[in-house]
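Printed here is run-v1.cif (mmCIF, C-alpha atoms (C1' of nucleotides)):
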data_upload
#
loop_
_atom_site.group_PDB
_atom_site.id
_atom_site.type_symbol
_atom_site.label_atom_id
_atom_site.label_comp_id
_atom_site.auth_asym_id
_atom_site.auth_seq_id
_atom_site.Cartn_x
_atom_site.Cartn_y
_atom_site.Cartn_z
ATOM 1 C CA MET A 18 251.698 95.876 120.321
ATOM 2 C CA PRO A 19 253.344 96.681 123.629
ATOM 3 C CA LYS A 20 256.693 97.680 122.160
ATOM 4 C CA LYS A 21 258.870 96.452 124.966
ATOM 5 C CA THR A 22 262.348 97.344 126.012
ATOM 6 C CA ILE A 23 264.943 97.616 123.329
ATOM 7 C CA PRO A 24 266.628 94.241 122.718
ATOM 8 C CA HIS A 25 270.003 95.172 123.884
ATOM 9 C CA ASN A 26 272.705 97.534 123.101
ATOM 10 C CA ARG A 27 272.087 101.236 123.218
ATOM 11 C CA LYS A 28 273.336 102.251 119.861
ATOM 12 C CA THR A 29 274.238 100.569 116.635
ATOM 13 C CA GLN A 30 277.493 99.403 118.120
ATOM 14 C CA ARG A 31 279.468 99.322 114.923
ATOM 15 C CA SER A 32 282.546 100.656 116.667
ATOM 16 C CA SER A 33 285.726 99.092 115.420
ATOM 17 C CA CYS A 34 288.043 100.264 118.175
ATOM 18 C CA PRO A 35 288.309 97.563 120.814
ATOM 19 C CA ILE A 36 288.018 100.098 123.597
ATOM 20 C CA SER A 37 284.916 101.614 122.145
ATOM 21 C CA CYS A 38 283.594 98.157 121.510
ATOM 22 C CA THR A 39 284.194 97.149 125.095
ATOM 23 C CA LEU A 40 282.584 100.321 126.352
ATOM 24 C CA ASP A 41 279.507 99.617 124.279
ATOM 25 C CA ILE A 42 278.880 96.727 126.633
ATOM 26 C CA LEU A 43 280.461 97.833 129.879
ATOM 27 C CA GLY A 44 280.308 101.590 129.628
ATOM 28 C CA ASP A 45 277.787 102.413 132.270
ATOM 29 C CA LYS A 46 277.568 102.815 135.982
ATOM 30 C CA TRP A 47 276.221 99.399 136.904
ATOM 31 C CA THR A 48 277.380 96.640 134.620
ATOM 32 C CA LEU A 49 280.880 96.240 135.979
ATOM 33 C CA LEU A 50 279.566 96.363 139.520
ATOM 34 C CA ILE A 51 277.480 93.306 138.794
ATOM 35 C CA VAL A 52 280.525 91.598 137.317
ATOM 36 C CA ARG A 53 282.431 92.546 140.447
ATOM 37 C CA ASP A 54 279.766 90.984 142.626
ATOM 38 C CA MET A 55 279.855 87.754 140.685
ATOM 39 C CA TRP A 56 283.610 87.794 140.918
ATOM 40 C CA MET A 57 283.243 88.084 144.681
ATOM 41 C CA GLY A 58 281.147 84.972 144.659
ATOM 42 C CA TYR A 59 277.654 86.361 144.803
ATOM 43 C CA THR A 60 275.225 84.611 142.534
ATOM 44 C CA ARG A 61 271.702 85.702 143.241
ATOM 45 C CA PHE A 62 269.469 88.565 142.228
ATOM 46 C CA LYS A 63 268.852 89.417 145.831
ATOM 47 C CA GLU A 64 272.533 89.566 146.617
ATOM 48 C CA PHE A 65 273.303 91.944 143.780
ATOM 49 C CA SER A 66 270.344 94.024 144.718
ATOM 50 C CA ALA A 67 271.494 94.235 148.332
ATOM 51 C CA GLY A 68 274.883 95.706 147.439
ATOM 52 C CA PRO A 69 275.953 98.970 149.059
ATOM 53 C CA GLU A 70 275.389 100.905 145.849
ATOM 54 C CA GLY A 71 271.718 100.025 145.747
ATOM 55 C CA ILE A 72 271.046 99.209 142.132
ATOM 56 C CA PRO A 73 267.333 99.492 141.342
ATOM 57 C CA THR A 74 265.718 96.164 140.595
ATOM 58 C CA ASN A 75 264.537 97.078 137.138
ATOM 59 C CA ILE A 76 268.016 98.162 136.112
ATOM 60 C CA LEU A 77 269.553 95.070 137.610
ATOM 61 C CA SER A 78 267.104 92.918 135.764
ATOM 62 C CA GLU A 79 267.834 94.566 132.453
ATOM 63 C CA ARG A 80 271.590 94.435 132.940
ATOM 64 C CA LEU A 81 271.482 90.768 133.799
ATOM 65 C CA VAL A 82 269.660 90.050 130.565
ATOM 66 C CA ARG A 83 272.235 92.080 128.693
ATOM 67 C CA LEU A 84 275.123 90.313 130.361
ATOM 68 C CA VAL A 85 273.647 86.942 129.594
ATOM 69 C CA ASN A 86 273.012 87.926 125.991
ATOM 70 C CA SER A 87 276.595 89.117 125.711
ATOM 71 C CA ASN A 88 277.788 85.821 127.109
ATOM 72 C CA ILE A 89 279.550 87.457 129.995
ATOM 73 C CA THR A 90 277.387 85.715 132.527
ATOM 74 C CA GLU A 91 275.202 82.663 132.455
ATOM 75 C CA ARG A 92 272.026 81.857 134.246
ATOM 76 C CA VAL A 93 272.141 78.454 135.839
ATOM 77 C CA ALA A 94 270.132 76.400 138.260
ATOM 78 C CA SER A 95 271.200 77.248 141.752
ATOM 79 C CA ALA A 96 273.710 74.833 143.165
ATOM 80 C CA ASP A 97 272.222 74.570 146.628
ATOM 81 C CA GLY A 98 268.957 73.056 145.571
ATOM 82 C CA SER A 99 267.027 76.269 145.962
ATOM 83 C CA ARG A 100 264.653 76.845 143.084
ATOM 84 C CA HIS A 101 265.944 80.350 142.478
ATOM 85 C CA PRO A 102 268.183 81.064 139.511
ATOM 86 C CA ALA A 103 271.870 81.742 139.963
ATOM 87 C CA TYR A 104 274.164 83.828 137.831
ATOM 88 C CA GLN A 105 277.838 83.267 137.297
ATOM 89 C CA LEU A 106 280.633 84.489 135.120
ATOM 90 C CA THR A 107 281.468 82.687 131.928
ATOM 91 C CA ASN A 108 285.053 82.539 130.740
ATOM 92 C CA LYS A 109 284.376 85.700 128.812
ATOM 93 C CA GLY A 110 283.200 87.292 132.018
ATOM 94 C CA LYS A 111 286.149 86.047 134.009
ATOM 95 C CA ALA A 112 288.383 87.625 131.403
ATOM 96 C CA LEU A 113 287.209 90.974 132.731
ATOM 97 C CA ILE A 114 288.908 90.440 136.051
ATOM 98 C CA PRO A 115 292.158 92.117 134.986
ATOM 99 C CA THR A 116 290.146 95.168 134.062
ATOM 100 C CA LEU A 117 288.486 95.171 137.459
ATOM 101 C CA GLU A 118 291.835 94.756 139.150
ATOM 102 C CA SER A 119 293.319 97.660 137.284
ATOM 103 C CA MET A 120 290.384 99.766 138.377
ATOM 104 C CA ILE A 121 290.921 98.723 141.963
ATOM 105 C CA ASP A 122 294.564 99.727 141.750
ATOM 106 C CA TRP A 123 293.658 103.048 140.246
ATOM 107 C CA GLY A 124 290.872 103.752 142.694
ATOM 108 C CA LEU A 125 293.034 102.934 145.684
ATOM 109 C CA LYS A 126 295.930 105.003 144.515
ATOM 110 C CA TRP A 127 294.149 108.060 143.189
ATOM 111 C CA GLU A 128 290.744 108.284 144.719
ATOM 112 C CA ASP A 129 290.762 108.900 148.388
ATOM 113 C CA GLY A 130 287.615 107.698 149.954
ATOM 114 C CA ALA A 131 288.137 104.328 148.382
ATOM 115 C CA SER A 132 288.548 101.920 151.199
ATOM 116 C CA LYS A 133 290.804 98.924 151.163
ATOM 117 C CA LYS A 134 288.082 96.396 150.803
ATOM 118 C CA VAL A 135 286.263 95.511 147.659
ATOM 119 C CA ALA A 136 282.549 95.268 148.147
ATOM 120 C CA LYS A 137 282.697 94.762 151.856
ATOM 121 C CA ARG A 138 279.378 93.712 153.247
ATOM 122 C CA MET B 8 263.770 121.241 149.642
ATOM 123 C CA PRO B 9 264.100 121.548 145.876
ATOM 124 C CA LYS B 10 267.237 119.427 145.637
ATOM 125 C CA LYS B 11 268.308 120.411 142.120
ATOM 126 C CA THR B 12 270.789 118.782 139.823
ATOM 127 C CA ILE B 13 273.801 117.380 141.555
ATOM 128 C CA PRO B 14 276.905 119.533 140.904
ATOM 129 C CA HIS B 15 278.949 117.064 139.066
ATOM 130 C CA ASN B 16 279.131 113.510 139.839
ATOM 131 C CA ARG B 17 275.949 111.670 139.225
ATOM 132 C CA LYS B 18 275.316 110.429 142.708
ATOM 133 C CA THR B 19 276.528 111.173 146.139
ATOM 134 C CA GLN B 20 279.644 109.206 145.420
ATOM 135 C CA ARG B 21 280.195 108.003 148.908
ATOM 136 C CA SER B 22 281.031 104.591 147.561
ATOM 137 C CA SER B 23 283.805 102.994 149.487
ATOM 138 C CA CYS B 24 284.585 100.202 147.056
ATOM 139 C CA PRO B 25 287.427 101.278 144.794
ATOM 140 C CA ILE B 26 285.695 99.834 141.759
ATOM 141 C CA SER B 27 282.509 101.682 142.467
ATOM 142 C CA CYS B 28 284.525 104.756 143.196
ATOM 143 C CA THR B 29 286.324 104.487 139.879
ATOM 144 C CA LEU B 30 283.077 103.925 138.050
ATOM 145 C CA ASP B 31 281.620 107.040 139.598
ATOM 146 C CA ILE B 32 284.088 108.949 137.460
ATOM 147 C CA LEU B 33 284.616 106.737 134.452
ATOM 148 C CA GLY B 34 281.404 104.796 134.279
ATOM 149 C CA ASP B 35 279.869 106.124 131.139
ATOM 150 C CA LYS B 36 280.130 105.688 127.434
ATOM 151 C CA TRP B 37 282.386 108.633 126.620
ATOM 152 C CA THR B 38 284.844 109.446 129.363
ATOM 153 C CA LEU B 39 287.302 106.648 128.733
ATOM 154 C CA LEU B 40 287.166 107.306 125.018
ATOM 155 C CA ILE B 41 288.435 110.801 125.648
ATOM 156 C CA VAL B 42 291.187 109.391 127.828
ATOM 157 C CA ARG B 43 292.006 106.988 125.021
ATOM 158 C CA ASP B 44 292.267 109.851 122.571
ATOM 159 C CA MET B 45 294.618 111.764 124.805
ATOM 160 C CA TRP B 46 296.649 108.634 125.277
ATOM 161 C CA MET B 47 296.907 108.407 121.500
ATOM 162 C CA GLY B 48 298.357 111.865 121.442
ATOM 163 C CA TYR B 49 295.376 113.973 120.511
ATOM 164 C CA THR B 50 295.096 117.164 122.452
ATOM 165 C CA ARG B 51 292.418 119.374 120.973
ATOM 166 C CA PHE B 52 288.679 119.707 121.286
ATOM 167 C CA LYS B 53 288.301 119.401 117.565
ATOM 168 C CA GLU B 54 290.310 116.208 117.453
ATOM 169 C CA PHE B 55 288.254 114.522 120.135
ATOM 170 C CA SER B 56 285.122 115.703 118.466
ATOM 171 C CA ALA B 57 286.231 114.288 115.122
ATOM 172 C CA GLY B 58 286.661 110.770 116.457
ATOM 173 C CA PRO B 59 284.852 107.900 114.740
ATOM 174 C CA GLU B 60 282.360 107.594 117.578
ATOM 175 C CA GLY B 61 281.123 111.127 117.089
ATOM 176 C CA ILE B 62 280.774 112.504 120.578
ATOM 177 C CA PRO B 63 278.449 115.507 120.607
ATOM 178 C CA THR B 64 280.157 118.788 121.424
ATOM 179 C CA ASN B 65 278.091 119.538 124.479
ATOM 180 C CA ILE B 66 278.855 116.158 125.981
ATOM 181 C CA LEU B 67 282.520 116.494 125.135
ATOM 182 C CA SER B 68 282.634 119.892 126.701
ATOM 183 C CA GLU B 69 281.050 118.692 129.896
ATOM 184 C CA ARG B 70 283.247 115.624 130.137
ATOM 185 C CA LEU B 71 286.372 117.675 129.665
ATOM 186 C CA VAL B 72 285.386 119.883 132.553
ATOM 187 C CA ARG B 73 284.748 116.833 134.654
ATOM 188 C CA LEU B 74 288.052 115.260 133.737
ATOM 189 C CA VAL B 75 289.901 118.440 134.557
ATOM 190 C CA ASN B 76 288.081 118.750 137.863
ATOM 191 C CA SER B 77 288.968 115.176 138.682
ATOM 192 C CA ASN B 78 292.586 115.894 137.887
ATOM 193 C CA ILE B 79 292.716 113.254 135.221
ATOM 194 C CA THR B 80 293.460 115.756 132.509
ATOM 195 C CA GLU B 81 294.809 119.252 132.488
ATOM 196 C CA ARG B 82 294.095 122.161 130.234
ATOM 197 C CA VAL B 83 297.265 123.808 129.025
ATOM 198 C CA ALA B 84 298.297 126.393 126.496
ATOM 199 C CA SER B 85 298.775 124.713 123.166
ATOM 200 C CA ALA B 86 302.384 123.909 122.462
ATOM 201 C CA ASP B 87 302.389 124.953 118.810
ATOM 202 C CA GLY B 88 301.639 128.588 119.394
ATOM 203 C CA SER B 89 298.024 128.293 118.357
ATOM 204 C CA ARG B 90 295.759 130.178 120.687
ATOM 205 C CA HIS B 91 293.500 127.166 121.201
ATOM 206 C CA PRO B 92 293.637 125.219 124.442
ATOM 207 C CA ALA B 93 295.162 121.788 124.619
ATOM 208 C CA TYR B 94 294.272 118.935 126.913
ATOM 209 C CA GLN B 95 296.587 116.289 128.174
ATOM 210 C CA LEU B 96 296.700 113.506 130.705
ATOM 211 C CA THR B 97 298.023 114.141 134.160
ATOM 212 C CA ASN B 98 299.847 111.387 136.009
ATOM 213 C CA LYS B 99 296.533 110.364 137.442
ATOM 214 C CA GLY B 100 295.189 110.126 133.937
ATOM 215 C CA LYS B 101 298.166 108.188 132.664
ATOM 216 C CA ALA B 102 297.576 105.738 135.468
ATOM 217 C CA LEU B 103 294.438 104.695 133.623
ATOM 218 C CA ILE B 104 296.401 103.279 130.739
ATOM 219 C CA PRO B 105 296.583 99.770 132.210
ATOM 220 C CA THR B 106 292.813 99.800 132.435
ATOM 221 C CA LEU B 107 292.547 100.838 128.809
ATOM 222 C CA GLU B 108 294.997 98.150 127.815
ATOM 223 C CA SER B 109 293.075 95.477 129.635
ATOM 224 C CA MET B 110 289.962 96.605 127.801
ATOM 225 C CA ILE B 111 291.770 96.390 124.500
ATOM 226 C CA ASP B 112 292.863 92.862 125.288
ATOM 227 C CA TRP B 113 289.377 91.877 126.248
ATOM 228 C CA GLY B 114 287.747 93.540 123.268
ATOM 229 C CA LEU B 115 290.132 91.924 120.849
ATOM 230 C CA LYS B 116 289.773 88.507 122.313
ATOM 231 C CA TRP B 117 286.055 88.392 122.974
ATOM 232 C CA GLU B 118 284.325 90.921 120.820
ATOM 233 C CA ASP B 119 284.500 90.166 117.180
ATOM 234 C CA GLY B 120 284.077 93.300 115.189
ATOM 235 C CA ALA B 121 286.851 94.893 117.159
ATOM 236 C CA SER B 122 289.570 95.658 114.704
ATOM 237 C CA LYS B 123 293.237 95.470 115.454
ATOM 238 C CA LYS B 124 293.798 99.174 115.555
ATOM 239 C CA VAL B 125 292.965 101.462 118.390
ATOM 240 C CA ALA B 126 291.279 104.613 117.251
ATOM 241 C CA LYS B 127 292.601 104.496 113.744
ATOM 242 C CA ARG B 128 291.885 107.684 111.851
ATOM 243 C "C1'" DC C 18 287.139 128.219 111.421
ATOM 244 C "C1'" DC C 19 287.477 126.817 116.538
ATOM 245 C "C1'" DG C 20 285.911 125.946 121.201
ATOM 246 C "C1'" DG C 21 282.363 125.784 123.352
ATOM 247 C "C1'" DA C 22 277.175 127.146 125.146
ATOM 248 C "C1'" DT C 23 272.286 126.851 124.556
ATOM 249 C "C1'" DC C 24 268.004 124.895 123.242
ATOM 250 C "C1'" DC C 25 264.968 121.221 123.032
ATOM 251 C "C1'" DG C 26 262.783 116.681 121.962
ATOM 252 C "C1'" DG C 27 263.207 112.119 122.996
ATOM 253 C "C1'" DT C 28 265.274 108.386 125.653
ATOM 254 C "C1'" DC C 29 266.724 106.292 129.745
ATOM 255 C "C1'" DT C 30 267.273 106.127 134.735
ATOM 256 C "C1'" DG C 31 265.819 105.115 139.169
ATOM 257 C "C1'" DA C 32 262.375 105.025 143.232
ATOM 258 C "C1'" DT C 33 258.661 102.597 144.325
ATOM 259 C "C1'" DA C 34 254.704 99.681 143.951
ATOM 260 C "C1'" DC C 35 253.194 95.533 142.314
ATOM 261 C "C1'" DT C 36 252.882 90.438 140.830
ATOM 262 C "C1'" DG C 37 253.615 85.190 140.397
ATOM 263 C "C1'" DC D 6 262.506 85.961 145.982
ATOM 264 C "C1'" DA D 7 262.890 87.326 141.291
ATOM 265 C "C1'" DG D 8 261.616 90.023 138.631
ATOM 266 C "C1'" DT D 9 257.729 93.805 135.915
ATOM 267 C "C1'" DA D 10 255.072 98.057 135.672
ATOM 268 C "C1'" DT D 11 254.873 102.748 136.085
ATOM 269 C "C1'" DC D 12 256.138 107.361 135.633
ATOM 270 C "C1'" DA D 13 258.403 111.822 136.645
ATOM 271 C "C1'" DG D 14 262.433 113.811 136.002
ATOM 272 C "C1'" DA D 15 267.336 113.533 134.652
ATOM 273 C "C1'" DC D 16 270.234 113.077 130.912
ATOM 274 C "C1'" DC D 17 271.602 112.414 126.129
ATOM 275 C "C1'" DG D 18 272.490 113.992 121.747
ATOM 276 C "C1'" DG D 19 271.466 116.609 117.358
ATOM 277 C "C1'" DA D 20 271.202 121.168 115.812
ATOM 278 C "C1'" DT D 21 272.131 125.700 116.196
ATOM 279 C "C1'" DC D 22 274.170 129.737 117.876
ATOM 280 C "C1'" DC D 23 277.993 132.715 119.405
ATOM 281 C "C1'" DG D 24 282.435 135.048 120.750
ATOM 282 C "C1'" DG D 25 287.222 135.271 119.446
#

Structure translated into structure tokens:
Amino acid sequence: MPKKTIPHNRKTQRSSCPISCTLDILGDKWTLLIVRDMWMGYTRFKEFSAGPEGIPTNILSERLVRLVNSNITERVASADGSRHPAYQLTNKGKALIPTLESMIDWGLKWEDGASKKVAKR
Amino acid sequence: MPKKTIPHNRKTQRSSCPISCTLDILGDKWTLLIVRDMWMGYTRFKEFSAGPEGIPTNILSERLVRLVNSNITERVASADGSRHPAYQLTNKGKALIPTLESMIDWGLKWEDGASKKVAKR
DNA sequence: CCGGATCCGGTCTGATACTG
DNA sequence: CAGTATCAGACCGGATCCGG
């Protein structure tokens, strides 16, 4: 019995507060960065992995599963005929864009060192 | 080169993307919950600690230091004459409210199990 | 009692190597 | 290319302790 990775969320996630509830899914260093990348139009494992922050592949893999299970992203056949899978935001995922935008505003205004461009590559 | 624990932020935090930059500070399960609590008017260690999510005292303590160092909160003498310290949001901290609100909207719309009230106690 | 600090076991992260 | 496997070390979190 290999006892693989825990199915999905870290804790029992019985939080009733919507903020807490949201943070149960998004409250970590990487998840929203992946959402950001998909928002920017990236769709493939390789592209996420190549981001400037350098997410490790095992973490990326696990987060993608979690995002798909949470219905924030979906895994689809790649549009360009390549046989590799593509990931894209669902409506639920797209609904996170205002949150991302508010973080951009905050980062630009209050954190120096934040450049003007989002995810420039 | 021993290269011990990094002083405070988890990584080098040279991220130039404002989202990544923001997540370097807020990207964990607890930090935004503390900001939420302060937004709701709570000011004391004990109050944060008594929240429904049950943040451990050592984590709370560390996060408070981090928030103060990041200028998101400030530690002030308690208003009511008690000798215990009080914490409150700075302007930089208050600027996070739109982010919190967008998370509330998202949680309410997409995460069932999220009740209508924020941090009801 | 309150605001933390310390201790410590277990979990998770993240760098890297590996596989289909 | 898209992930899995591995594994040491970082971090979390529960309990306990302590000074005021």

Would you tabulate, counting all atoms listed in the file, all residues of chain C that have an atom at most 9 Å from an atom of chain A, showing the closest pair of atoms and their distance in Å to one decimal, sorted by chain then ascending number, as CSV?
residue,atom,partner,partner_atom,distance
C:DT30,C1',A:Ile76,CA,8.1
C:DG31,C1',A:Pro73,CA,6.2
C:DA32,C1',A:Pro73,CA,7.7

For this session: Starting from the shown file, work through the PyMOL selection byres ((chain D) within 9 of (chain A)) and note down what comes out as number ranges by chain.
Result: D: 6-9

Near chain B, 10 Å: chain A residue rows, closest pairs, only C-alpha atoms, as a tab-separated table:
residue	atom	partner	partner_atom	distance
A:Gln30	CA	B:Gly120	CA	9.4
A:Arg31	CA	B:Gly120	CA	7.6
A:Ser32	CA	B:Glu60	CA	7.0
A:Ser33	CA	B:Ala121	CA	4.7
A:Cys34	CA	B:Val125	CA	5.1
A:Pro35	CA	B:Gly114	CA	4.7
A:Ile36	CA	B:Ile111	CA	5.4
A:Ser37	CA	B:Leu40	CA	6.8
A:Cys38	CA	B:Ala121	CA	6.3
A:Thr39	CA	B:Gly114	CA	5.4
A:Leu40	CA	B:Lys36	CA	6.0
A:Asp41	CA	B:Lys36	CA	6.9
A:Ile42	CA	B:Lys36	CA	9.1
A:Leu43	CA	B:Lys36	CA	8.2
A:Gly44	CA	B:Lys36	CA	4.7
A:Asp45	CA	B:Asp35	CA	4.4
A:Lys46	CA	B:Gly34	CA	4.6
A:Trp47	CA	B:Gly34	CA	7.9
A:Thr48	CA	B:Gly34	CA	9.1
A:Leu49	CA	B:Leu30	CA	8.3
A:Leu50	CA	B:Ser27	CA	6.8
A:Arg53	CA	B:Ile26	CA	8.1
A:Pro69	CA	B:Ser22	CA	7.7
A:Glu70	CA	B:Ser22	CA	7.0
A:Ser87	CA	B:Glu118	CA	9.3
A:Asn88	CA	B:Trp117	CA	9.6
A:Ile89	CA	B:Trp117	CA	9.6
A:Asn108	CA	B:Trp117	CA	9.8
A:Lys109	CA	B:Trp117	CA	6.6
A:Gly110	CA	B:Trp117	CA	9.5
A:Ala112	CA	B:Trp113	CA	6.8
A:Leu113	CA	B:Trp113	CA	6.9
A:Ile114	CA	B:Ser109	CA	9.2
A:Pro115	CA	B:Ser109	CA	6.4
A:Thr116	CA	B:Ser109	CA	5.3
A:Leu117	CA	B:Ile26	CA	6.9
A:Glu118	CA	B:Ile26	CA	8.4
A:Ser119	CA	B:Thr106	CA	5.3
A:Met120	CA	B:Ile26	CA	5.8
A:Ile121	CA	B:Pro25	CA	5.2
A:Asp122	CA	B:Pro25	CA	7.9
A:Trp123	CA	B:Ala102	CA	6.7
A:Gly124	CA	B:Pro25	CA	4.7
A:Leu125	CA	B:Pro25	CA	5.9
A:Lys126	CA	B:Lys99	CA	8.9
A:Trp127	CA	B:Lys99	CA	6.6
A:Glu128	CA	B:Cys28	CA	7.3
A:Asp129	CA	B:Pro25	CA	9.1
A:Gly130	CA	B:Ser23	CA	6.1
A:Ala131	CA	B:Ser23	CA	4.7
A:Ser132	CA	B:Ser23	CA	5.2
A:Lys133	CA	B:Cys24	CA	7.6
A:Lys134	CA	B:Cys24	CA	6.4
A:Val135	CA	B:Cys24	CA	5.0
A:Ala136	CA	B:Cys24	CA	5.4
A:Lys137	CA	B:Cys24	CA	7.5

Give chain B as a tab-separated table (two decimals) with C-alpha atoms, keeping the file's coordinate frame once it has been least-squares superposed onto chain A over every C-alpha atom, paired in order.
chain	number	residue	atom	x	y	z
B	8	MET	CA	257.75	103.90	111.22
B	9	PRO	CA	257.21	103.82	114.98
B	10	LYS	CA	260.72	102.63	115.80
B	11	LYS	CA	260.10	101.53	119.39
B	12	THR	CA	262.57	100.77	122.12
B	13	ILE	CA	265.68	99.05	120.94
B	14	PRO	CA	265.70	95.36	121.97
B	15	HIS	CA	268.64	95.40	124.22
B	16	ASN	CA	271.68	97.31	123.64
B	17	ARG	CA	271.20	101.00	123.84
B	18	LYS	CA	272.27	101.91	120.36
B	19	THR	CA	272.83	100.17	117.13
B	20	GLN	CA	276.14	98.94	118.41
B	21	ARG	CA	277.88	98.89	115.11
B	22	SER	CA	280.92	100.41	116.73
B	23	SER	CA	284.08	98.98	115.33
B	24	CYS	CA	286.45	100.27	117.98
B	25	PRO	CA	286.97	97.59	120.60
B	26	ILE	CA	286.71	100.13	123.39
B	27	SER	CA	283.45	101.48	122.11
B	28	CYS	CA	282.28	97.96	121.57
B	29	THR	CA	283.12	97.02	125.14
B	30	LEU	CA	281.42	100.11	126.46
B	31	ASP	CA	278.28	99.25	124.56
B	32	ILE	CA	277.93	96.35	126.97
B	33	LEU	CA	279.62	97.55	130.12
B	34	GLY	CA	279.26	101.29	129.88
B	35	ASP	CA	276.88	102.01	132.68
B	36	LYS	CA	276.91	102.43	136.39
B	37	TRP	CA	275.78	98.95	137.42
B	38	THR	CA	276.93	96.24	135.06
B	39	LEU	CA	280.53	96.04	136.19
B	40	LEU	CA	279.44	96.11	139.80
B	41	ILE	CA	277.48	92.94	139.22
B	42	VAL	CA	280.51	91.39	137.56
B	43	ARG	CA	282.54	92.46	140.57
B	44	ASP	CA	280.09	90.78	142.90
B	45	MET	CA	280.24	87.54	140.97
B	46	TRP	CA	283.99	87.76	140.97
B	47	MET	CA	283.83	88.07	144.74
B	48	GLY	CA	281.92	84.84	144.87
B	49	TYR	CA	278.36	86.03	145.23
B	50	THR	CA	275.90	84.15	143.12
B	51	ARG	CA	272.37	85.09	144.07
B	52	PHE	CA	269.95	87.83	143.16
B	53	LYS	CA	269.49	88.68	146.78
B	54	GLU	CA	273.20	89.01	147.35
B	55	PHE	CA	273.69	91.39	144.46
B	56	SER	CA	270.69	93.33	145.57
B	57	ALA	CA	272.03	93.63	149.10
B	58	GLY	CA	275.27	95.27	148.01
B	59	PRO	CA	276.27	98.60	149.56
B	60	GLU	CA	275.42	100.48	146.38
B	61	GLY	CA	271.81	99.39	146.51
B	62	ILE	CA	270.95	98.50	142.95
B	63	PRO	CA	267.19	98.53	142.42
B	64	THR	CA	265.69	95.13	141.73
B	65	ASN	CA	264.27	96.02	138.36
B	66	ILE	CA	267.61	97.30	137.15
B	67	LEU	CA	269.39	94.27	138.55
B	68	SER	CA	266.95	91.98	136.86
B	69	GLU	CA	267.39	93.65	133.52
B	70	ARG	CA	271.16	93.72	133.76
B	71	LEU	CA	271.30	90.06	134.62
B	72	VAL	CA	269.33	89.23	131.52
B	73	ARG	CA	271.66	91.37	129.48
B	74	LEU	CA	274.74	89.78	130.98
B	75	VAL	CA	273.40	86.32	130.31
B	76	ASN	CA	272.51	87.26	126.75
B	77	SER	CA	275.99	88.62	126.24
B	78	ASN	CA	277.44	85.39	127.56
B	79	ILE	CA	279.28	87.14	130.33
B	80	THR	CA	277.37	85.31	133.01
B	81	GLU	CA	275.37	82.14	133.08
B	82	ARG	CA	272.33	81.18	135.06
B	83	VAL	CA	272.73	77.79	136.67
B	84	ALA	CA	270.94	75.67	139.21
B	85	SER	CA	272.13	76.63	142.65
B	86	ALA	CA	274.81	74.31	143.94
B	87	ASP	CA	273.50	74.04	147.50
B	88	GLY	CA	270.24	72.39	146.64
B	89	SER	CA	268.21	75.54	147.12
B	90	ARG	CA	265.68	75.98	144.38
B	91	HIS	CA	266.82	79.53	143.66
B	92	PRO	CA	268.87	80.27	140.57
B	93	ALA	CA	272.53	81.11	140.79
B	94	TYR	CA	274.58	83.30	138.51
B	95	GLN	CA	278.22	82.93	137.75
B	96	LEU	CA	280.84	84.27	135.40
B	97	THR	CA	281.56	82.50	132.16
B	98	ASN	CA	285.07	82.52	130.75
B	99	LYS	CA	284.12	85.63	128.87
B	100	GLY	CA	283.07	87.18	132.13
B	101	LYS	CA	286.20	86.11	133.93
B	102	ALA	CA	288.17	87.77	131.19
B	103	LEU	CA	286.92	91.07	132.56
B	104	ILE	CA	288.83	90.64	135.78
B	105	PRO	CA	291.93	92.46	134.52
B	106	THR	CA	289.72	95.41	133.71
B	107	LEU	CA	288.26	95.36	137.19
B	108	GLU	CA	291.72	95.12	138.68
B	109	SER	CA	292.96	98.08	136.71
B	110	MET	CA	289.99	100.05	137.98
B	111	ILE	CA	290.79	99.07	141.53
B	112	ASP	CA	294.36	100.24	141.08
B	113	TRP	CA	293.22	103.51	139.63
B	114	GLY	CA	290.54	104.09	142.24
B	115	LEU	CA	292.92	103.41	145.08
B	116	LYS	CA	295.63	105.60	143.73
B	117	TRP	CA	293.62	108.55	142.50
B	118	GLU	CA	290.30	108.62	144.25
B	119	ASP	CA	290.54	109.29	147.90
B	120	GLY	CA	287.53	107.94	149.66
B	121	ALA	CA	288.14	104.59	148.07
B	122	SER	CA	288.81	102.21	150.88
B	123	LYS	CA	291.22	99.34	150.72
B	124	LYS	CA	288.60	96.66	150.54
B	125	VAL	CA	286.66	95.67	147.51
B	126	ALA	CA	283.00	95.23	148.23
B	127	LYS	CA	283.42	94.59	151.90
B	128	ARG	CA	280.21	93.43	153.51

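For the pair CA of Met47 in chain B and CA of Ala84 in chain B, the interatomic distance is 18.7 Å.
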
Problem set entry | Neighbours of point (281.5, 127.0, 122.0) within 10 Å, using all atoms listed in the file, written as a ChimeraX atom specification | /B:64-65,68 /C:19-23 /D:22-24

Exercise. DA20 in chain D: which residues within 10 Å, counting all atoms listed in the file, same-chain residues fewer than 2 positions away excluded, as a list in words?
Worked result: DC24 and DC25 of chain C; DG18 and DC22 of chain D

Exercise. What does the distance between CA of Gly58 in chain A and CA of Leu84 in chain A come to in Å, to one decimal place?
Worked result: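 So the two atoms, CA of Gly58 in chain A and CA of Leu84 in chain A, lie 16.4 Å apart.
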
Radius query 12 Å about (256.8, 108.3, 135.6), atoms used: all atoms listed in the file, as a short mmCIF file (atom, residue, chain, number, x, y, z; two decimals) with C-alpha atoms (C1' of nucleotides), in the frame of the given file:
data_model
loop_
_atom_site.label_atom_id
_atom_site.label_comp_id
_atom_site.auth_asym_id
_atom_site.auth_seq_id
_atom_site.Cartn_x
_atom_site.Cartn_y
_atom_site.Cartn_z
"C1'" DC C 29 266.72 106.29 129.74
"C1'" DT C 30 267.27 106.13 134.74
"C1'" DG C 31 265.82 105.12 139.17
"C1'" DA C 32 262.38 105.02 143.23
"C1'" DT C 33 258.66 102.60 144.32
"C1'" DA D 10 255.07 98.06 135.67
"C1'" DT D 11 254.87 102.75 136.08
"C1'" DC D 12 256.14 107.36 135.63
"C1'" DA D 13 258.40 111.82 136.65
"C1'" DG D 14 262.43 113.81 136.00
"C1'" DA D 15 267.34 113.53 134.65
#
